[in-house]
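Text of the file protein.cif, holding mmCIF, C-alpha atoms and all ligand atoms:
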data_upload
loop_
_atom_site.label_atom_id
_atom_site.label_comp_id
_atom_site.auth_asym_id
_atom_site.auth_seq_id
_atom_site.Cartn_x
_atom_site.Cartn_y
_atom_site.Cartn_z
CA MET A 83 115.55 174.21 65.89
CA ARG A 84 114.63 177.63 67.24
CA GLY A 85 115.22 179.68 70.33
CA GLY A 86 115.50 183.16 71.72
CA CYS A 87 115.95 185.45 74.68
CA GLN A 88 114.58 188.83 75.67
CA LEU A 89 117.74 190.88 75.96
CA PRO A 90 116.60 193.85 78.10
CA ILE A 91 115.40 191.55 80.89
CA TYR A 92 118.87 190.05 81.12
CA LEU A 93 121.03 193.16 81.08
CA GLY A 94 121.58 192.99 84.85
CA ILE A 95 123.01 189.50 84.75
CA TYR A 96 125.30 190.27 81.83
CA GLU A 97 126.77 193.18 83.77
CA ALA A 98 127.25 190.95 86.81
CA LEU A 99 128.79 188.15 84.77
CA SER A 100 131.30 190.50 83.21
CA GLU A 101 133.11 190.39 86.57
CA GLY A 102 132.98 186.59 86.85
CA LYS A 103 133.36 183.67 84.49
CA LEU A 104 130.73 181.96 82.41
CA ILE A 105 131.80 178.81 80.56
CA VAL A 106 129.66 177.31 77.81
CA VAL A 107 130.34 173.71 76.79
CA THR A 108 128.73 172.60 73.53
CA GLY A 109 129.04 169.60 71.23
CA PRO A 110 126.86 166.99 69.59
CA SER A 111 124.65 164.73 71.64
CA GLY A 112 126.62 161.64 72.66
CA VAL A 113 130.07 163.21 72.29
CA GLY A 114 130.67 162.91 76.05
CA LYS A 115 130.01 166.43 77.41
CA GLY A 116 128.10 165.10 80.41
CA THR A 117 130.73 162.44 81.12
CA LEU A 118 133.55 165.00 81.04
CA LEU A 119 131.73 167.59 83.16
CA LYS A 120 130.64 165.01 85.73
CA LYS A 121 134.28 164.02 86.24
CA LEU A 122 135.33 167.65 86.42
CA LEU A 123 132.68 168.39 89.04
CA GLU A 124 133.74 165.36 91.09
CA ARG A 125 137.23 166.86 91.23
CA TYR A 126 136.36 170.53 91.70
CA ALA A 127 132.78 170.66 93.01
CA ASP A 128 133.39 173.74 95.12
CA ARG A 129 134.74 175.84 92.23
CA PHE A 130 131.80 175.53 89.85
CA HIS A 131 128.11 176.08 89.67
CA PHE A 132 126.79 173.59 87.13
CA SER A 133 123.54 174.92 85.68
CA ILE A 134 120.62 172.47 85.77
CA SER A 135 118.52 173.02 82.67
CA ALA A 136 114.79 172.68 82.24
CA THR A 137 113.46 170.43 79.50
CA THR A 138 110.20 169.11 78.13
CA ARG A 139 111.71 165.74 77.25
CA SER A 140 110.77 162.75 79.39
CA PRO A 141 113.23 161.56 82.04
CA ARG A 142 115.47 158.64 81.07
CA THR A 143 115.84 155.67 83.40
CA GLY A 144 117.80 156.85 86.44
CA GLU A 145 117.30 160.56 85.82
CA GLU A 146 115.73 162.59 88.64
CA ASP A 147 113.81 165.84 88.54
CA GLY A 148 116.06 168.61 89.85
CA ARG A 149 119.27 166.58 89.43
CA GLU A 150 119.89 165.98 85.69
CA TYR A 151 117.12 168.37 84.60
CA PHE A 152 113.96 170.05 85.75
CA PHE A 153 111.42 168.03 83.78
CA TRP A 154 108.61 170.43 82.92
CA SER A 155 105.53 170.18 80.75
CA ARG A 156 105.55 172.26 77.57
CA ALA A 157 103.00 174.63 79.17
CA GLU A 158 105.21 175.14 82.25
CA PHE A 159 108.27 175.68 80.08
CA GLU A 160 106.51 178.20 77.83
CA GLN A 161 105.15 180.08 80.83
CA GLN A 162 108.67 180.42 82.30
CA ARG A 163 110.10 181.34 78.91
CA ASP A 164 107.46 184.02 78.32
CA ALA A 165 108.08 185.42 81.82
CA GLY A 166 111.78 185.87 80.95
CA GLY A 167 112.90 183.00 83.16
CA PHE A 168 115.65 181.70 80.86
CA LEU A 169 119.14 182.91 80.08
CA GLU A 170 118.76 181.05 76.76
CA TRP A 171 116.48 178.38 75.34
CA ALA A 172 116.11 176.30 72.20
CA GLU A 173 114.08 173.55 70.61
CA TYR A 174 116.18 170.46 69.91
CA ALA A 175 115.07 167.13 68.42
CA GLY A 176 111.42 167.84 69.26
CA ASN A 177 111.87 169.08 72.84
CA LEU A 178 112.48 172.42 74.54
CA TYR A 179 115.59 173.04 76.63
CA GLY A 180 116.51 176.15 78.59
CA THR A 181 118.83 177.57 81.25
CA PRO A 182 116.85 178.94 84.24
CA ILE A 183 118.25 182.33 85.09
CA ALA A 184 117.51 182.55 88.85
CA PRO A 185 120.05 179.90 90.04
CA ILE A 186 122.68 181.60 87.91
CA HIS A 187 122.05 184.90 89.70
CA ARG A 188 122.55 183.12 93.02
CA ALA A 189 125.76 181.38 91.88
CA ILE A 190 127.21 184.65 90.70
CA ALA A 191 126.39 186.30 93.99
CA MET A 192 128.44 183.50 95.62
CA GLY A 193 131.37 184.12 93.25
CA GLN A 194 131.25 180.71 91.55
CA ILE A 195 132.31 179.86 87.99
CA VAL A 196 129.10 179.15 86.08
CA LEU A 197 129.14 176.15 83.74
CA LEU A 198 126.49 175.60 81.03
CA GLU A 199 126.22 172.40 78.98
CA ILE A 200 123.97 173.37 76.06
CA GLU A 201 123.44 172.80 72.36
CA LEU A 202 124.50 175.09 69.49
CA GLU A 203 121.51 177.47 69.23
CA GLY A 204 121.65 178.22 72.96
CA ALA A 205 125.42 178.70 72.78
CA ARG A 206 124.93 181.20 69.96
CA GLN A 207 122.41 183.16 72.04
CA VAL A 208 124.87 183.33 74.95
CA ALA A 209 127.66 184.38 72.57
CA THR A 210 125.53 187.28 71.34
CA SER A 211 124.28 188.45 74.70
CA PHE A 212 127.40 187.67 76.72
CA PRO A 213 130.44 187.88 74.41
CA ASN A 214 132.92 187.46 77.29
CA ALA A 215 131.77 183.91 77.98
CA GLN A 216 134.39 181.22 77.33
CA ARG A 217 132.98 178.88 74.67
CA ILE A 218 134.35 175.34 74.36
CA PHE A 219 133.32 172.86 71.69
CA ILE A 220 133.64 169.12 72.36
CA ALA A 221 134.06 167.21 69.09
CA PRO A 222 133.90 163.46 68.40
CA PRO A 223 136.90 161.61 66.90
CA SER A 224 134.57 160.79 63.95
CA MET A 225 130.86 160.66 63.14
CA GLN A 226 131.06 156.85 63.25
CA VAL A 227 132.37 156.94 66.82
CA LEU A 228 129.64 159.44 67.74
CA GLU A 229 126.93 157.15 66.37
CA SER A 230 128.38 154.18 68.27
CA ARG A 231 128.39 156.17 71.51
CA LEU A 232 124.78 157.21 71.01
CA ARG A 233 123.71 153.64 70.22
CA ASP A 234 125.76 152.06 73.02
CA ARG A 235 124.34 154.54 75.54
CA SER A 236 120.94 152.90 74.87
CA THR A 237 118.95 155.93 76.00
CA ASP A 238 117.35 157.05 72.73
CA SER A 239 115.08 155.56 70.10
CA ASP A 240 116.31 155.05 66.53
CA GLU A 241 114.25 158.09 65.53
CA GLN A 242 115.87 160.23 68.26
CA ILE A 243 119.33 159.01 67.24
CA ARG A 244 118.59 159.93 63.63
CA LYS A 245 117.56 163.46 64.67
CA ARG A 246 120.58 163.82 66.95
CA LEU A 247 123.00 162.73 64.21
CA HIS A 248 121.37 165.23 61.85
CA HIS A 249 121.99 168.02 64.40
CA ALA A 250 125.48 166.66 65.04
CA ALA A 251 126.57 167.33 61.47
CA LEU A 252 125.38 170.96 61.77
CA GLU A 253 127.05 171.36 65.14
CA VAL A 254 130.43 169.95 64.06
CA ALA A 255 130.34 172.30 61.06
CA ALA A 256 130.00 175.22 63.50
CA ALA A 257 132.94 174.24 65.72
CA ASN A 258 135.03 177.15 64.42
CA GLU A 259 132.60 179.59 66.10
CA PHE A 260 134.03 178.50 69.46
CA ASP A 261 137.15 179.64 71.33
CA LEU A 262 138.51 176.11 71.58
CA THR A 263 137.73 172.64 70.24
CA ILE A 264 138.60 169.57 72.29
CA VAL A 265 138.35 166.15 70.63
CA ASN A 266 136.95 163.65 73.12
CA ASP A 267 138.80 160.52 72.01
CA ASP A 268 140.78 159.45 75.08
CA LEU A 269 138.65 160.61 78.03
CA GLU A 270 141.57 161.42 80.34
CA ILE A 271 143.38 163.50 77.69
CA ALA A 272 140.16 165.42 76.91
CA LEU A 273 139.64 166.02 80.62
CA GLN A 274 143.15 167.41 81.01
CA GLN A 275 142.58 169.76 78.06
CA LEU A 276 139.28 170.91 79.57
CA GLU A 277 140.88 171.57 82.96
CA LYS A 278 143.68 173.55 81.32
CA ALA A 279 141.19 175.67 79.34
CA MET A 280 138.98 176.37 82.33
CA PHE A 281 141.66 177.18 84.87
CA HIS A 282 144.49 178.65 82.80
CA ASP A 283 143.15 180.17 79.57
N1 LIG B 1 136.17 159.43 75.67
C1 LIG B 1 135.19 158.51 75.61
N2 LIG B 1 135.47 157.28 75.12
C2 LIG B 1 134.50 156.33 75.04
N3 LIG B 1 133.21 156.53 75.44
C3 LIG B 1 132.89 157.73 75.91
C4 LIG B 1 133.85 158.77 76.04
N4 LIG B 1 133.23 159.87 76.55
C5 LIG B 1 131.95 159.51 76.75
N5 LIG B 1 131.74 158.23 76.38
C6 LIG B 1 130.45 157.50 76.41
O1 LIG B 1 129.65 158.04 75.37
C7 LIG B 1 128.27 158.05 75.76
C8 LIG B 1 127.72 159.47 75.61
O2 LIG B 1 128.32 160.29 76.60
P1 LIG B 1 127.48 161.45 77.30
O3 LIG B 1 126.13 160.97 77.72
O4 LIG B 1 128.37 162.05 78.34
O5 LIG B 1 127.31 162.45 76.06
P2 LIG B 1 126.69 163.92 76.01
O6 LIG B 1 127.51 164.70 75.08
O7 LIG B 1 126.56 164.47 77.39
O8 LIG B 1 125.27 163.65 75.39
P3 LIG B 1 123.92 164.54 75.51
O9 LIG B 1 124.22 165.86 74.93
O10 LIG B 1 122.92 163.76 74.73
O11 LIG B 1 123.58 164.63 76.97
C9 LIG B 1 128.21 157.52 77.19
O12 LIG B 1 127.82 156.16 77.15
C10 LIG B 1 129.64 157.68 77.69
O13 LIG B 1 129.97 156.70 78.66
N1 LIG B 2 120.07 175.30 74.47
C1 LIG B 2 120.10 174.41 75.45
N2 LIG B 2 120.49 173.14 75.23
C2 LIG B 2 120.53 172.29 76.27
C3 LIG B 2 120.16 172.67 77.56
N3 LIG B 2 120.30 171.59 78.38
C4 LIG B 2 120.74 170.59 77.62
N4 LIG B 2 120.88 170.99 76.34
C5 LIG B 2 121.37 170.21 75.20
O1 LIG B 2 120.30 169.49 74.62
C6 LIG B 2 120.83 168.37 73.90
C7 LIG B 2 120.06 167.12 74.24
O2 LIG B 2 120.20 166.78 75.60
P1 LIG B 2 119.69 165.35 76.14
O3 LIG B 2 119.87 165.42 77.65
O4 LIG B 2 118.26 165.19 75.74
O5 LIG B 2 120.56 164.30 75.52
C8 LIG B 2 122.31 168.27 74.32
O6 LIG B 2 123.10 168.81 73.27
C9 LIG B 2 122.39 169.14 75.54
O7 LIG B 2 123.67 169.71 75.74
C10 LIG B 2 119.76 174.02 77.77
O8 LIG B 2 119.44 174.47 78.88
N5 LIG B 2 119.74 174.85 76.69
#
Full structure transcribed into structure tokens:
Amino acid sequence: MRGGCQLPIYLGIYEALSEGKLIVVTGPSGVGKGTLLKKLLERYADRFHFSISATTRSPRTGEEDGREYFFWSRAEFEQQRDAGGFLEWAEYAGNLYGTPIAPIHRAIAMGQIVLLEIELEGARQVATSFPNAQRIFIAPPSMQVLESRLRDRSTDSDEQIRKRLHHAALEVAAANEFDLTIVNDDLEIALQQLEKAMFHD
């Protein structure tokens, strides 16, 4: 896993964000980040800007370009990355993922709360370059439950699941780097904890 950002290019956005709110949600693949954030956005769509990431991984069944992700070739991704087009980026389980910076500029100009759902390396980059961001870690009740959720989701090959579980162990071990950990056992309880953190903390 590797990643990076070119700090001087981003100084403007960090100054702008210091007046708003940037929330980073991280946790192992399959823990339920997307499920939680989808429900949150259904309830409070007008209060958030949910960042749509770019990735080089192939779309899963039902995923659409520009909705779940921007699905780019590696060449397109690297061109954007080298042009300073990402707030953060990382390589994860064999694919590149990054947060396009331009839509975030627009959301900030509109006064929205910006929400990123990203893996650990990207979250660390944002923590370094934007220390005021609120960082929330979503943890599984156990590694066994996490593996069951990944398998039952039926979106990834055995090889991908193996890589994701490997990353998961590293990510769970880093949970104490975050401002808050929420265990996603009962979905409704986790959702309430997330709402409380985002609106009241
Ligand atoms: N609290 C929960 N209890 C039981 N199942 C859950 C819960 N939360 C999520 N799930 C299920 O777990 C699976 C993984 O959830 P989801 O895709 O939201 O994870 P994710 O963290 O967004 O993964 P990725 O990082 O790979 O996108 C889904 O099938 C989802 O329905
Ligand atoms: N550093 C970043 N990580 C990201 C971004 N968008 C998504 N992700 C994370 O990647 C893994 C795998 O996602 P999947 O959709 O292939 O299951 C997961 O942890 C996501 O949160 C990003 O822009 N930057």
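The two atoms in question, atom N1 of ligand LIG 2 (chain B) and CA of Ile134 in chain A, are spaced 11.7 Å apart.
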Item to complete: Please give me, as a PyMOL selection string, the residues lying within 7 Å of ligand LIG 2 (chain B) when counting only C-alpha atoms and all ligand atoms.
Response: chain A and resi 108-111+135-136+139+170-172+174+179-181+199-205
Item to complete: Using only C-alpha atoms, find all polymer residues with an atom at most 12 Å away from the point (127.4, 169.1, 61.9); report them as number ranges by chain.
Response: A: 109-111, 201-202, 221-222, 224-225, 228, 245-258
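Take the candidates A:Ser239, A:Ser230, A:Ser211, A:Gln274 and check each one against ligand LIG 1 (chain B) using all atoms listed in the file; the shortest distance goes to A:Ser230.
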Worksheet item: Given a cut-off of 8 Å, what residues near ligand LIG 1 (chain B) show up using only C-alpha atoms and all ligand atoms, put as a list of chain:residue names?
Response: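 Here is the list of contacting residues: A:Gly109, A:Pro110, A:Ser111, A:Gly112, A:Val113, A:Gly114, A:Lys115, A:Gly116, A:Thr117, A:Leu118, A:Glu199, A:Ile200, A:Glu201, A:Leu228, A:Arg231, A:Leu232, A:Asp234, A:Arg235, A:Ser236, A:Asn266, A:Asp267, A:Asp268, A:Leu269, A:Glu270, A:Ala272.
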